[in-house]
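Structure data follow from model-v5.cif (mmCIF, C-alpha atoms):
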data_input
#
loop_
_atom_site.label_atom_id
_atom_site.label_comp_id
_atom_site.auth_asym_id
_atom_site.auth_seq_id
_atom_site.Cartn_x
_atom_site.Cartn_y
_atom_site.Cartn_z
CA ASP A 284 156.11 187.17 166.02
CA ALA A 285 158.30 185.39 168.58
CA ASP A 286 160.31 182.33 167.55
CA PRO A 287 158.67 178.91 168.28
CA ARG A 288 160.71 178.33 171.44
CA MET A 289 159.80 181.72 172.93
CA GLN A 290 156.20 181.25 171.78
CA GLY A 291 155.99 177.92 173.61
CA TRP A 292 157.37 179.52 176.79
CA ILE A 293 154.78 182.34 176.59
CA VAL A 294 151.91 179.86 176.11
CA SER A 295 153.13 177.73 179.04
CA PHE A 296 153.38 180.79 181.30
CA LEU A 297 149.90 182.10 180.37
CA ALA A 298 148.27 178.67 180.62
CA ARG A 299 149.85 177.91 183.99
CA ARG A 300 148.79 181.25 185.46
CA SER A 301 145.37 181.35 183.85
CA THR A 302 143.30 184.48 184.50
CA GLU A 303 140.73 186.31 182.43
CA LEU A 304 143.47 188.47 180.90
CA SER A 305 145.83 185.55 180.20
CA LEU A 306 143.01 183.55 178.61
CA ALA A 307 142.13 186.56 176.42
CA ALA A 308 145.77 186.71 175.32
CA LEU A 309 145.79 182.99 174.58
CA ALA A 310 142.62 183.40 172.53
CA ARG A 311 144.37 185.97 170.36
CA LEU A 312 147.42 183.74 169.94
CA ARG A 313 145.50 180.50 169.33
CA PRO A 314 145.01 180.77 165.51
CA ARG A 315 148.82 180.91 165.04
CA LEU A 316 149.67 178.14 167.50
CA PRO A 317 150.55 174.52 166.60
CA ARG A 318 148.06 171.79 167.48
CA ARG A 319 149.73 170.79 170.76
CA GLN A 320 149.73 174.35 172.09
CA ARG A 321 146.13 174.90 170.96
CA LEU A 322 145.14 171.84 173.01
CA ARG A 323 146.96 173.27 176.05
CA THR A 324 145.09 176.54 175.57
CA LEU A 325 141.76 174.67 175.61
CA LEU A 326 142.72 172.80 178.79
CA ALA A 327 143.70 176.10 180.44
CA VAL A 328 140.22 177.48 179.71
CA TRP A 329 138.52 174.50 181.38
CA HIS A 330 140.97 174.59 184.27
CA TRP A 331 140.11 178.23 184.92
CA ARG A 332 136.36 177.53 184.71
CA ILE A 333 136.60 174.73 187.28
CA ARG A 334 138.84 176.80 189.58
CA VAL A 335 136.22 179.53 189.93
CA TRP A 336 133.59 177.05 191.12
CA PRO A 337 132.81 177.04 194.86
CA LYS A 338 134.66 174.32 196.77
CA THR A 339 131.38 172.77 197.92
CA VAL A 340 130.35 172.31 194.30
CA LEU A 341 133.71 170.72 193.45
CA VAL A 342 133.42 168.28 196.37
CA ALA A 343 129.86 167.37 195.33
CA VAL A 344 130.94 166.74 191.74
CA VAL A 345 133.83 164.53 192.85
CA LEU A 346 131.54 162.49 195.10
CA LEU A 347 128.64 162.20 192.66
CA THR A 348 130.60 161.42 189.49
CA PRO A 349 131.23 157.69 190.29
CA VAL A 350 127.59 157.26 191.37
CA THR A 351 126.39 158.92 188.18
CA ILE A 352 128.60 156.68 186.02
CA LEU A 353 127.35 153.60 187.89
CA LEU A 354 123.72 154.62 187.42
CA ILE A 355 124.30 155.22 183.71
CA CYS A 356 125.90 151.77 183.34
CA LYS A 357 123.07 150.14 185.28
CA GLY A 358 120.49 151.93 183.18
CA TRP A 359 122.21 150.79 180.00
CA MET A 360 122.33 147.21 181.25
CA LEU A 361 118.66 147.27 182.20
CA ARG A 362 117.87 148.05 178.59
CA ASP A 363 119.03 144.47 177.86
CA PRO A 364 116.10 142.15 178.66
CA ALA A 365 118.55 139.33 179.52
CA TRP A 366 120.31 141.32 182.23
CA PRO A 367 117.93 140.43 185.13
CA MET A 368 118.43 136.75 184.34
CA ILE A 369 122.21 137.20 184.14
CA ASN A 370 122.13 138.94 187.54
CA ALA A 371 120.12 136.08 189.03
CA LEU A 372 122.50 133.51 187.52
CA GLN A 373 125.61 135.20 188.92
CA ASP A 374 124.17 135.88 192.38
CA GLU A 375 126.37 133.79 194.69
CA ASP A 376 124.27 134.90 197.68
CA GLU A 377 121.18 133.14 196.32
CA LYS A 378 120.40 130.30 198.73
CA LYS A 379 118.27 128.31 196.31
CA PRO A 380 120.32 126.81 193.46
CA GLU A 381 117.05 126.08 191.61
CA VAL A 382 116.61 129.83 191.02
CA ARG A 383 120.03 130.18 189.40
CA ILE A 384 119.57 127.00 187.36
CA ALA A 385 116.18 128.23 186.10
CA SER A 386 117.85 131.51 185.08
CA ALA A 387 120.56 129.58 183.21
CA ASP A 388 117.97 127.50 181.39
CA PHE A 389 115.98 130.61 180.45
CA LEU A 390 119.09 132.33 179.06
CA ALA A 391 120.02 129.25 177.03
CA LYS A 392 116.56 128.99 175.50
CA VAL A 393 115.59 132.65 175.01
CA TYR A 394 118.76 134.78 175.06
CA PRO A 395 121.69 132.53 174.05
CA GLU A 396 123.56 135.38 172.38
CA GLN A 397 123.63 137.53 175.53
CA GLY A 398 123.75 134.67 178.02
CA LEU A 399 126.32 132.22 176.66
CA GLY A 400 129.32 134.15 177.98
CA SER A 401 127.75 134.51 181.44
CA LEU A 402 126.92 130.79 181.51
CA LEU A 403 130.55 129.89 180.83
CA LEU A 404 131.92 132.40 183.35
CA THR A 405 129.56 131.13 186.03
CA LEU A 406 130.35 127.50 185.20
CA ASP A 407 134.03 128.14 185.90
CA GLY A 408 133.57 130.55 188.79
CA THR A 409 130.65 129.46 190.94
CA GLN A 410 131.20 127.52 194.15
CA ASP A 411 127.82 125.76 193.96
CA ALA A 412 128.28 122.26 192.52
CA GLN A 413 124.57 121.89 191.77
CA VAL A 414 124.55 125.13 189.77
CA ARG A 415 127.55 123.96 187.74
CA LEU A 416 125.71 120.79 186.75
CA GLY A 417 122.62 122.81 185.84
CA ILE A 418 124.69 125.14 183.65
CA VAL A 419 126.11 122.18 181.72
CA ASP A 420 122.53 121.08 180.98
CA SER A 421 121.69 124.63 179.90
CA LEU A 422 124.66 124.72 177.53
CA VAL A 423 123.42 121.49 175.97
CA THR A 424 120.04 123.18 175.54
CA ALA A 425 121.75 126.14 173.80
CA ALA A 426 123.43 123.67 171.41
CA ALA A 427 120.00 122.96 169.90
CA ASN A 428 120.44 126.33 168.17
CA PRO A 429 122.69 125.66 165.13
CA GLU A 430 124.21 129.13 165.47
CA TYR A 431 125.76 128.24 168.83
CA LEU A 432 126.32 124.50 168.38
CA ALA A 433 130.01 124.71 167.44
CA GLN A 434 130.82 127.12 170.28
CA VAL A 435 129.04 124.99 172.88
CA LEU A 436 130.79 121.82 171.67
CA LYS A 437 134.15 123.58 171.81
CA GLU A 438 133.59 124.84 175.37
CA LEU A 439 132.25 121.52 176.68
CA SER A 440 135.08 119.57 175.04
CA SER A 441 137.75 121.81 176.55
CA ARG A 442 136.34 121.13 180.03
CA LEU A 443 136.54 117.37 179.52
CA GLU A 444 140.31 117.52 179.91
CA ARG A 445 141.51 115.85 183.07
CA GLY A 446 141.87 118.38 185.90
CA LYS A 447 139.89 121.15 184.18
CA SER A 448 136.58 120.32 185.90
CA SER A 449 135.25 118.22 188.75
CA THR A 450 134.38 114.56 188.18
CA GLU A 451 130.66 115.33 188.45
CA VAL A 452 130.86 118.11 185.85
CA ARG A 453 132.85 115.92 183.46
CA GLN A 454 130.30 113.13 183.82
CA ARG A 455 127.50 115.60 183.12
CA ILE A 456 129.39 116.89 180.07
CA LEU A 457 129.61 113.33 178.70
CA ALA A 458 125.88 112.89 179.25
CA GLY A 459 125.26 116.19 177.47
CA LEU A 460 127.47 115.27 174.52
CA ARG A 461 125.55 112.03 174.19
CA ARG A 462 122.27 113.97 173.99
CA ILE A 463 123.74 116.19 171.30
CA ALA A 464 125.12 113.16 169.41
CA GLU A 465 121.68 111.55 169.34
CA LYS A 466 120.31 114.53 167.41
CA ASN A 467 123.41 115.67 165.55
CA PRO A 468 126.00 112.87 165.38
CA GLY A 469 128.06 114.54 162.69
CA ALA A 470 128.77 117.60 164.83
CA VAL A 471 130.20 115.43 167.59
CA ALA A 472 132.05 113.00 165.31
CA THR A 473 133.79 115.64 163.20
CA GLY A 474 134.00 118.54 165.65
CA LYS A 475 135.95 119.31 168.82
CA PRO A 476 134.36 116.54 170.95
CA ALA A 477 135.88 113.64 168.98
CA PRO A 478 139.55 114.26 169.95
CA ALA A 479 138.52 115.15 173.51
CA LEU A 480 136.56 111.91 173.84
CA LEU A 481 139.44 109.93 172.34
CA MET A 482 141.77 111.49 174.92
CA VAL A 483 139.47 110.31 177.71
CA LEU A 484 139.10 106.87 176.14
CA GLY A 485 142.83 106.39 175.78
CA ASP A 486 143.87 107.65 179.22
CA PRO A 487 144.37 104.69 181.61
CA ARG A 488 144.37 107.06 184.59
CA GLU A 489 140.68 107.67 184.03
CA ASP A 490 138.04 105.58 185.75
CA LEU A 491 137.10 102.57 183.62
CA ALA A 492 133.37 103.36 183.76
CA PHE A 493 134.11 106.95 182.70
CA ARG A 494 136.12 105.74 179.71
CA ARG A 495 133.31 103.39 178.72
CA THR A 496 130.90 106.32 178.82
CA ALA A 497 133.18 108.23 176.44
CA LEU A 498 133.21 105.17 174.16
CA ASP A 499 129.41 105.09 174.25
CA VAL A 500 129.25 108.75 173.16
CA LEU A 501 131.60 108.02 170.23
CA GLN A 502 129.42 105.08 169.21
CA VAL A 503 126.24 107.17 169.31
CA ALA A 504 128.04 109.81 167.22
CA ARG A 505 129.04 107.06 164.76
CA ALA A 506 132.66 108.17 165.08
CA ALA A 507 134.37 105.03 163.75
CA GLY A 508 137.74 106.72 163.18
CA PRO A 509 138.48 107.66 166.82
CA ILE A 510 137.37 104.23 168.06
CA GLU A 511 139.59 102.46 165.55
CA GLY A 512 142.40 104.84 166.51
CA PHE A 513 142.04 103.86 170.15
CA VAL A 514 142.21 100.13 169.37
CA THR A 515 145.25 100.36 167.12
CA GLY A 516 146.95 102.94 169.36
CA SER A 517 146.59 100.87 172.50
CA LEU A 518 147.97 97.83 170.66
CA THR A 519 151.03 99.49 169.18
CA SER A 520 152.03 101.94 171.91
CA ARG A 521 153.22 101.50 175.45
CA ALA A 522 152.05 105.02 176.24
CA SER A 523 148.77 103.56 177.46
CA PHE A 524 150.60 102.28 180.51
CA THR A 525 152.34 105.55 181.35
CA GLY A 526 151.82 106.27 185.02
CA PHE A 527 151.67 102.61 186.10
CA GLN A 528 155.40 102.20 186.70
CA ASP A 529 154.96 102.68 190.42
CA LEU A 530 152.14 100.14 190.75
CA ASP A 531 152.72 96.69 192.18
CA ASN A 532 152.34 93.62 189.97
CA LYS A 533 148.73 93.01 190.98
CA ALA A 534 147.70 96.57 190.16
CA ARG A 535 149.56 96.45 186.86
CA GLY A 536 147.78 93.24 185.98
CA GLN A 537 144.42 94.83 186.71
CA ALA A 538 145.32 97.86 184.59
CA ALA A 539 146.32 95.62 181.68
CA ALA A 540 143.07 93.67 182.07
CA ASN A 541 141.09 96.92 181.96
CA GLU A 542 142.84 97.93 178.73
CA ALA A 543 142.10 94.57 177.15
CA ALA A 544 138.44 94.71 178.20
CA LEU A 545 138.10 98.23 176.82
CA ARG A 546 139.57 97.18 173.47
CA LEU A 547 136.97 94.41 173.26
CA ASP A 548 134.27 96.95 174.07
CA ALA A 549 135.59 99.25 171.33
CA VAL A 550 135.47 96.50 168.70
CA SER A 551 131.93 95.62 169.80
CA ALA A 552 131.00 99.30 169.50
CA LEU A 553 132.18 99.29 165.88
CA GLY A 554 129.99 96.25 165.23
CA ARG A 555 126.95 97.83 166.90
CA MET A 556 127.51 101.05 165.00
CA GLY A 557 126.68 99.29 161.77
CA THR A 558 127.87 102.04 159.43
CA TYR A 559 130.04 101.62 156.34
CA PRO A 560 133.04 103.45 157.93
CA ALA A 561 132.75 101.14 160.96
CA TYR A 562 132.71 98.13 158.62
CA LEU A 563 135.88 99.39 156.90
CA ALA A 564 137.50 99.93 160.30
CA LEU A 565 136.77 96.32 161.25
CA LEU A 566 138.22 95.10 157.96
CA ARG A 567 141.43 97.02 158.64
CA LEU A 568 141.62 95.58 162.14
CA ARG A 569 141.20 92.07 160.71
CA ASN A 570 144.31 92.56 158.57
CA PRO A 571 146.86 89.88 159.61
CA GLU A 572 149.56 92.55 159.75
CA VAL A 573 147.80 94.12 162.73
CA ARG A 574 149.16 92.28 165.73
CA MET A 575 146.60 91.72 168.46
CA PRO A 576 145.64 89.14 171.10
CA ALA A 577 143.71 86.12 169.84
CA GLU A 578 140.66 87.07 171.90
CA LEU A 579 140.49 90.49 170.26
CA ARG A 580 140.96 89.04 166.75
CA GLU A 581 138.15 86.61 167.41
CA GLN A 582 135.92 89.52 168.47
CA VAL A 583 136.74 91.37 165.23
CA SER A 584 135.84 88.31 163.16
CA GLN A 585 132.61 87.87 165.08
CA GLU A 586 131.56 91.46 164.40
CA LEU A 587 132.26 90.95 160.69
CA GLN A 588 130.06 87.86 160.41
CA ASP A 589 126.98 90.01 159.74
CA PRO A 590 127.93 93.60 158.80
CA LEU A 591 124.28 94.33 157.94
CA ARG A 592 123.04 93.40 161.42
CA ARG A 593 122.38 96.99 162.46
CA LEU A 594 120.48 97.74 159.24
CA LYS A 595 118.30 94.71 159.84
CA GLU A 596 117.64 95.76 163.43
CA ASP A 597 116.72 99.28 162.30
CA LEU A 598 114.37 97.86 159.69
CA GLU A 599 112.75 95.56 162.25
CA ALA A 600 112.28 98.53 164.60
CA GLU A 601 110.80 100.59 161.73
CA ARG A 602 113.67 103.09 161.79
CA PHE A 603 113.39 103.35 158.01
CA GLU A 604 115.22 106.67 157.69
CA ALA A 605 118.25 105.19 159.48
CA VAL A 606 118.34 102.30 157.00
CA LEU A 607 118.09 104.68 154.03
CA ARG A 608 120.84 106.86 155.54
CA ASP A 609 123.37 104.15 156.42
CA GLY A 610 122.57 101.47 153.82
CA PRO A 611 123.55 102.94 150.41
CA PRO A 612 127.33 103.06 151.07
CA PHE A 613 127.31 99.25 151.45
CA LEU A 614 126.44 99.03 147.74
CA LYS A 615 130.04 99.99 146.98
CA VAL A 616 131.42 96.58 147.89
CA GLU A 617 130.44 92.92 147.78
CA GLY A 618 132.07 90.26 149.89
CA SER A 619 133.19 89.91 153.50
CA GLY A 620 129.67 89.12 154.61
CA ILE A 621 127.93 91.63 152.32
CA SER A 622 125.62 90.75 149.46
CA LEU A 623 124.48 93.53 147.12
CA SER A 624 121.13 91.82 146.71
CA ASP A 625 120.65 91.81 150.50
CA VAL A 626 121.52 95.50 150.74
CA SER A 627 119.18 96.36 147.86
CA LEU A 628 116.37 94.37 149.48
CA LEU A 629 116.86 96.14 152.82
CA LEU A 630 116.76 99.54 151.11
CA ALA A 631 113.68 98.64 149.09
CA ARG A 632 111.83 97.42 152.19
CA ALA A 633 112.84 100.58 154.06
CA SER A 634 111.55 102.72 151.18
CA LEU A 635 108.24 100.87 151.20
CA GLY A 636 107.98 101.18 154.97
CA LEU A 637 108.75 104.89 154.88
CA ALA A 638 106.26 105.47 152.08
CA ALA A 639 103.56 103.70 154.07
CA HIS A 640 104.08 106.19 156.90
CA LEU A 641 104.03 109.28 154.64
CA PRO A 642 100.85 111.33 154.12
CA ALA A 643 99.05 110.50 150.90
CA THR A 644 99.68 114.02 149.58
CA GLU A 645 103.46 113.69 149.69
CA SER A 646 105.38 112.70 146.59
CA GLY A 647 107.19 109.41 146.27
CA SER A 648 110.70 108.89 147.57
CA ILE A 649 113.65 107.70 145.48
CA VAL A 650 116.40 105.53 146.89
CA ASP A 651 119.66 105.24 144.96
CA LEU A 652 120.58 101.58 144.50
CA GLY A 653 123.75 102.11 142.51
CA ASP A 654 122.91 101.38 138.85
CA ARG A 655 119.22 101.03 139.70
CA LYS A 656 116.72 103.27 141.45
CA SER A 657 113.81 102.19 143.55
CA VAL A 658 110.92 104.60 143.13
CA VAL A 659 108.03 104.42 145.56
#
Is it possible to give me this structure as structure tokens?
Amino acid sequence: DADPRMQGWIVSFLARRSTELSLAALARLRPRLPRRQRLRTLLAVWHWRIRVWPKTVLVAVVLLTPVTILLICKGWMLRDPAWPMINALQDEDEKKPEVRIASADFLAKVYPEQGLGSLLLTLDGTQDAQVRLGIVDSLVTAAANPEYLAQVLKELSSRLERGKSSTEVRQRILAGLRRIAEKNPGAVATGKPAPALLMVLGDPREDLAFRRTALDVLQVARAAGPIEGFVTGSLTSRASFTGFQDLDNKARGQAAANEAALRLDAVSALGRMGTYPAYLALLRLRNPEVRMPAELREQVSQELQDPLRRLKEDLEAERFEAVLRDGPPFLKVEGSGISLSDVSLLLARASLGLAAHLPATESGSIVDLGDRKSVV
């Protein structure tokens, strides 16, 4: 019946000097105690139980507890079938990089969910340059799974930034993005890689060949917007020459020549792309209000002479699906080198060619020709 302050003092005294009698007294008091004091009573019970153990047992418990926890963790990890491969991947003592690369490839193909994090950690942490290149290839392999495509593209794009990775790794990333763009151009053109590639393309500090490789990836991805943005940006901004203030006149002249050559390459890439957005980009570049060197304007006009060139090349090479994919948007406009009858004829021939390659059991295909439909 003591007041709360006195009651707290009594509980503290009995708990600090725990014996069988004091614990019995605490047990009688416990139902009337607040939660905090009940918890202290429970701790006093366990403290007394441990105190009566022999010292040899206490020492053994202290020594064995970390080992036991480690064994439990290891046992839990071994339940994950990917763990042996993760161990092999992260083993910096492994003398043969082929073993670690094979582990990375296996994780990417079979256990991407468990292995993707380890692949990224090892890519950033390993000292073996050959393993880093192998991991980039494995990440590209993992991107074949639609569930992990966006994450892989995000991680690869972030490592394209200047200074984030070695030159060899960045080159391998560009090669990997190109492989992804060949199979899934939309993911590269509209996802994280597009701005990263544009940053590489527009940075005059980068090696010219490296920038051209980035341009090639954008072309394969049919990313007309970033390429047009590079051309117009390099024409209207002096930021492209940031960092060249300390160069002598000869070096500055070479840098300016590189920029001019790269702009010509970019316009040619739009022409080779052969898509409707690339055609619109070329039309905008041809606008007289866009100030550009005469050589570049001539290149733009040359690319616009035959906007259907790529469709014709695809048809000649029997890439009928590419014609049927890229051709219909050209039906929206006539003029500037485009004839609706030519586009319709190309689509009809592609439909016939595709139908000739289909099994006889498959139904006919329908190609939208604007107001008309071609049914095969």
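Interatomic distance, CA of Ser551 (chain A) against CA of Pro611 (chain A): 22.4 Å.
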**Q.** Residues in the PyMOL selection byres ((chain A and resi 549) around 12), expressed as JSON, numbers by chain
**A.** {"A": [481, 484, 485, 494, 495, 496, 497, 498, 499, 500, 501, 502, 506, 507, 508, 509, 510, 511, 512, 513, 514, 515, 517, 542, 543, 544, 545, 546, 547, 548, 550, 551, 552, 553, 554, 555, 556, 561, 564, 565, 568, 579, 582, 583, 586]}
Generate the output file for the selected residues, C-alpha atoms, as a short mmCIF file (atom, residue, chain, number, x, y, z; two decimals), in the frame of the given file.
data_model
loop_
_atom_site.label_atom_id
_atom_site.label_comp_id
_atom_site.auth_asym_id
_atom_site.auth_seq_id
_atom_site.Cartn_x
_atom_site.Cartn_y
_atom_site.Cartn_z
CA LEU A 481 139.44 109.93 172.34
CA LEU A 484 139.10 106.87 176.14
CA GLY A 485 142.83 106.39 175.78
CA ARG A 494 136.12 105.74 179.71
CA ARG A 495 133.31 103.39 178.72
CA THR A 496 130.90 106.32 178.82
CA ALA A 497 133.18 108.23 176.44
CA LEU A 498 133.21 105.17 174.16
CA ASP A 499 129.41 105.09 174.25
CA VAL A 500 129.25 108.75 173.16
CA LEU A 501 131.60 108.02 170.23
CA GLN A 502 129.42 105.08 169.21
CA ALA A 506 132.66 108.17 165.08
CA ALA A 507 134.37 105.03 163.75
CA GLY A 508 137.74 106.72 163.18
CA PRO A 509 138.48 107.66 166.82
CA ILE A 510 137.37 104.23 168.06
CA GLU A 511 139.59 102.46 165.55
CA GLY A 512 142.40 104.84 166.51
CA PHE A 513 142.04 103.86 170.15
CA VAL A 514 142.21 100.13 169.37
CA THR A 515 145.25 100.36 167.12
CA SER A 517 146.59 100.87 172.50
CA GLU A 542 142.84 97.93 178.73
CA ALA A 543 142.10 94.57 177.15
CA ALA A 544 138.44 94.71 178.20
CA LEU A 545 138.10 98.23 176.82
CA ARG A 546 139.57 97.18 173.47
CA LEU A 547 136.97 94.41 173.26
CA ASP A 548 134.27 96.95 174.07
CA VAL A 550 135.47 96.50 168.70
CA SER A 551 131.93 95.62 169.80
CA ALA A 552 131.00 99.30 169.50
CA LEU A 553 132.18 99.29 165.88
CA GLY A 554 129.99 96.25 165.23
CA ARG A 555 126.95 97.83 166.90
CA MET A 556 127.51 101.05 165.00
CA ALA A 561 132.75 101.14 160.96
CA ALA A 564 137.50 99.93 160.30
CA LEU A 565 136.77 96.32 161.25
CA LEU A 568 141.62 95.58 162.14
CA LEU A 579 140.49 90.49 170.26
CA GLN A 582 135.92 89.52 168.47
CA VAL A 583 136.74 91.37 165.23
CA GLU A 586 131.56 91.46 164.40
#
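The shortest atom-to-atom distance to Arg461 (chain A), with all atoms listed in the file taken into account, belongs to A:Val423 out of A:Pro487, A:Glu438, A:Val423, A:Asn570.
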Q. In Å, how far is it from CA of Leu372 (chain A) to CA of Ser386 (chain A)?
A. 5.6 Å
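Polymer residues near (117.2, 128.3, 190.9): counting only C-alpha atoms with a cut-off of 12 Å, they are Met368, Ala371, Leu372, Gln373, Asp374, Glu375, Asp376, Glu377, Lys378, Lys379, Pro380, Glu381, Val382, Arg383, Ile384, Ala385, Ser386, Ala387, Asp388, Phe389, Asp411, Gln413, Val414, Arg415, Gly417 and Ile418 of chain A.
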Write the selection just made, keeping C-alpha atoms, as a PDB file, in the coordinates of the input?
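Writing the result to out.pdb gives the following:
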ATOM      1  CA  MET A 368     118.430 136.750 184.340  1.00  0.00           C
ATOM      2  CA  ALA A 371     120.120 136.080 189.030  1.00  0.00           C
ATOM      3  CA  LEU A 372     122.500 133.510 187.520  1.00  0.00           C
ATOM      4  CA  GLN A 373     125.610 135.200 188.920  1.00  0.00           C
ATOM      5  CA  ASP A 374     124.170 135.880 192.380  1.00  0.00           C
ATOM      6  CA  GLU A 375     126.370 133.790 194.690  1.00  0.00           C
ATOM      7  CA  ASP A 376     124.270 134.900 197.680  1.00  0.00           C
ATOM      8  CA  GLU A 377     121.180 133.140 196.320  1.00  0.00           C
ATOM      9  CA  LYS A 378     120.400 130.300 198.730  1.00  0.00           C
ATOM     10  CA  LYS A 379     118.270 128.310 196.310  1.00  0.00           C
ATOM     11  CA  PRO A 380     120.320 126.810 193.460  1.00  0.00           C
ATOM     12  CA  GLU A 381     117.050 126.080 191.610  1.00  0.00           C
ATOM     13  CA  VAL A 382     116.610 129.830 191.020  1.00  0.00           C
ATOM     14  CA  ARG A 383     120.030 130.180 189.400  1.00  0.00           C
ATOM     15  CA  ILE A 384     119.570 127.000 187.360  1.00  0.00           C
ATOM     16  CA  ALA A 385     116.180 128.230 186.100  1.00  0.00           C
ATOM     17  CA  SER A 386     117.850 131.510 185.080  1.00  0.00           C
ATOM     18  CA  ALA A 387     120.560 129.580 183.210  1.00  0.00           C
ATOM     19  CA  ASP A 388     117.970 127.500 181.390  1.00  0.00           C
ATOM     20  CA  PHE A 389     115.980 130.610 180.450  1.00  0.00           C
ATOM     21  CA  ASP A 411     127.820 125.760 193.960  1.00  0.00           C
ATOM     22  CA  GLN A 413     124.570 121.890 191.770  1.00  0.00           C
ATOM     23  CA  VAL A 414     124.550 125.130 189.770  1.00  0.00           C
ATOM     24  CA  ARG A 415     127.550 123.960 187.740  1.00  0.00           C
ATOM     25  CA  GLY A 417     122.620 122.810 185.840  1.00  0.00           C
ATOM     26  CA  ILE A 418     124.690 125.140 183.650  1.00  0.00           C
TER      27      ILE A 418
END
Q: Check what the PyMOL selection byres ((chain A and resi 460) around 9) selects in the file above and give those residues as a list in words.
A: Val423, Leu436, Leu439, Ser440, Arg455, Ile456, Leu457, Ala458, Gly459, Arg461, Arg462, Ile463, Ala464, Glu465, Val471, Pro476 and Val500 of chain A
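Residue nearest Leu635 (chain A), chosen from A:Ala426, A:Leu607, A:Leu518, A:Leu594 and counting all atoms listed in the file: A:Leu607.
Here CA of Leu432 (chain A) and CA of Phe603 (chain A) stand 26.9 Å from one another.
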Given the file above and the PyMOL selection byres ((chain A and resi 602) around 12), which residues are selected, and can you give them as a PDB file with C-alpha atoms, in the frame of the given file?
ATOM      1  CA  ARG A 593     122.380  96.990 162.460  1.00  0.00           C
ATOM      2  CA  LEU A 594     120.480  97.740 159.240  1.00  0.00           C
ATOM      3  CA  LYS A 595     118.300  94.710 159.840  1.00  0.00           C
ATOM      4  CA  GLU A 596     117.640  95.760 163.430  1.00  0.00           C
ATOM      5  CA  ASP A 597     116.720  99.280 162.300  1.00  0.00           C
ATOM      6  CA  LEU A 598     114.370  97.860 159.690  1.00  0.00           C
ATOM      7  CA  GLU A 599     112.750  95.560 162.250  1.00  0.00           C
ATOM      8  CA  ALA A 600     112.280  98.530 164.600  1.00  0.00           C
ATOM      9  CA  GLU A 601     110.800 100.590 161.730  1.00  0.00           C
ATOM     10  CA  PHE A 603     113.390 103.350 158.010  1.00  0.00           C
ATOM     11  CA  GLU A 604     115.220 106.670 157.690  1.00  0.00           C
ATOM     12  CA  ALA A 605     118.250 105.190 159.480  1.00  0.00           C
ATOM     13  CA  VAL A 606     118.340 102.300 157.000  1.00  0.00           C
ATOM     14  CA  LEU A 607     118.090 104.680 154.030  1.00  0.00           C
ATOM     15  CA  ARG A 608     120.840 106.860 155.540  1.00  0.00           C
ATOM     16  CA  ASP A 609     123.370 104.150 156.420  1.00  0.00           C
ATOM     17  CA  LEU A 629     116.860  96.140 152.820  1.00  0.00           C
ATOM     18  CA  LEU A 630     116.760  99.540 151.110  1.00  0.00           C
ATOM     19  CA  ARG A 632     111.830  97.420 152.190  1.00  0.00           C
ATOM     20  CA  ALA A 633     112.840 100.580 154.060  1.00  0.00           C
ATOM     21  CA  SER A 634     111.550 102.720 151.180  1.00  0.00           C
ATOM     22  CA  GLY A 636     107.980 101.180 154.970  1.00  0.00           C
ATOM     23  CA  LEU A 637     108.750 104.890 154.880  1.00  0.00           C
ATOM     24  CA  HIS A 640     104.080 106.190 156.900  1.00  0.00           C
TER      25      HIS A 640
END
Using all atoms listed in the file, which protein or nucleic acid residues come within 10 Å of Ser441 (chain A)? Drop anything in the same chain fewer than 6 positions from it, and give the result as an mmCIF file with C-alpha atoms, in the frame of the given file.
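In the end it all went to selection_32.cif:
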data_model
loop_
_atom_site.group_PDB
_atom_site.id
_atom_site.type_symbol
_atom_site.label_atom_id
_atom_site.label_comp_id
_atom_site.auth_asym_id
_atom_site.auth_seq_id
_atom_site.Cartn_x
_atom_site.Cartn_y
_atom_site.Cartn_z
ATOM 1 C CA VAL A 435 129.040 124.990 172.880
ATOM 2 C CA LYS A 447 139.890 121.150 184.180
ATOM 3 C CA SER A 448 136.580 120.320 185.900
ATOM 4 C CA LYS A 475 135.950 119.310 168.820
ATOM 5 C CA PRO A 476 134.360 116.540 170.950
ATOM 6 C CA ALA A 479 138.520 115.150 173.510
#
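Take the candidates A:Leu322, A:Ala472, A:Ala638, A:Ile352 and check each one against Arg505 (chain A) using all atoms listed in the file; the shortest distance goes to A:Ala472.
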Q) Of the candidates A:Leu443, A:Tyr562, A:Leu480, A:Arg580, which shows the shortest atom-to-atom distance to Val616 (chain A), using only C-alpha atoms? A) A:Tyr562
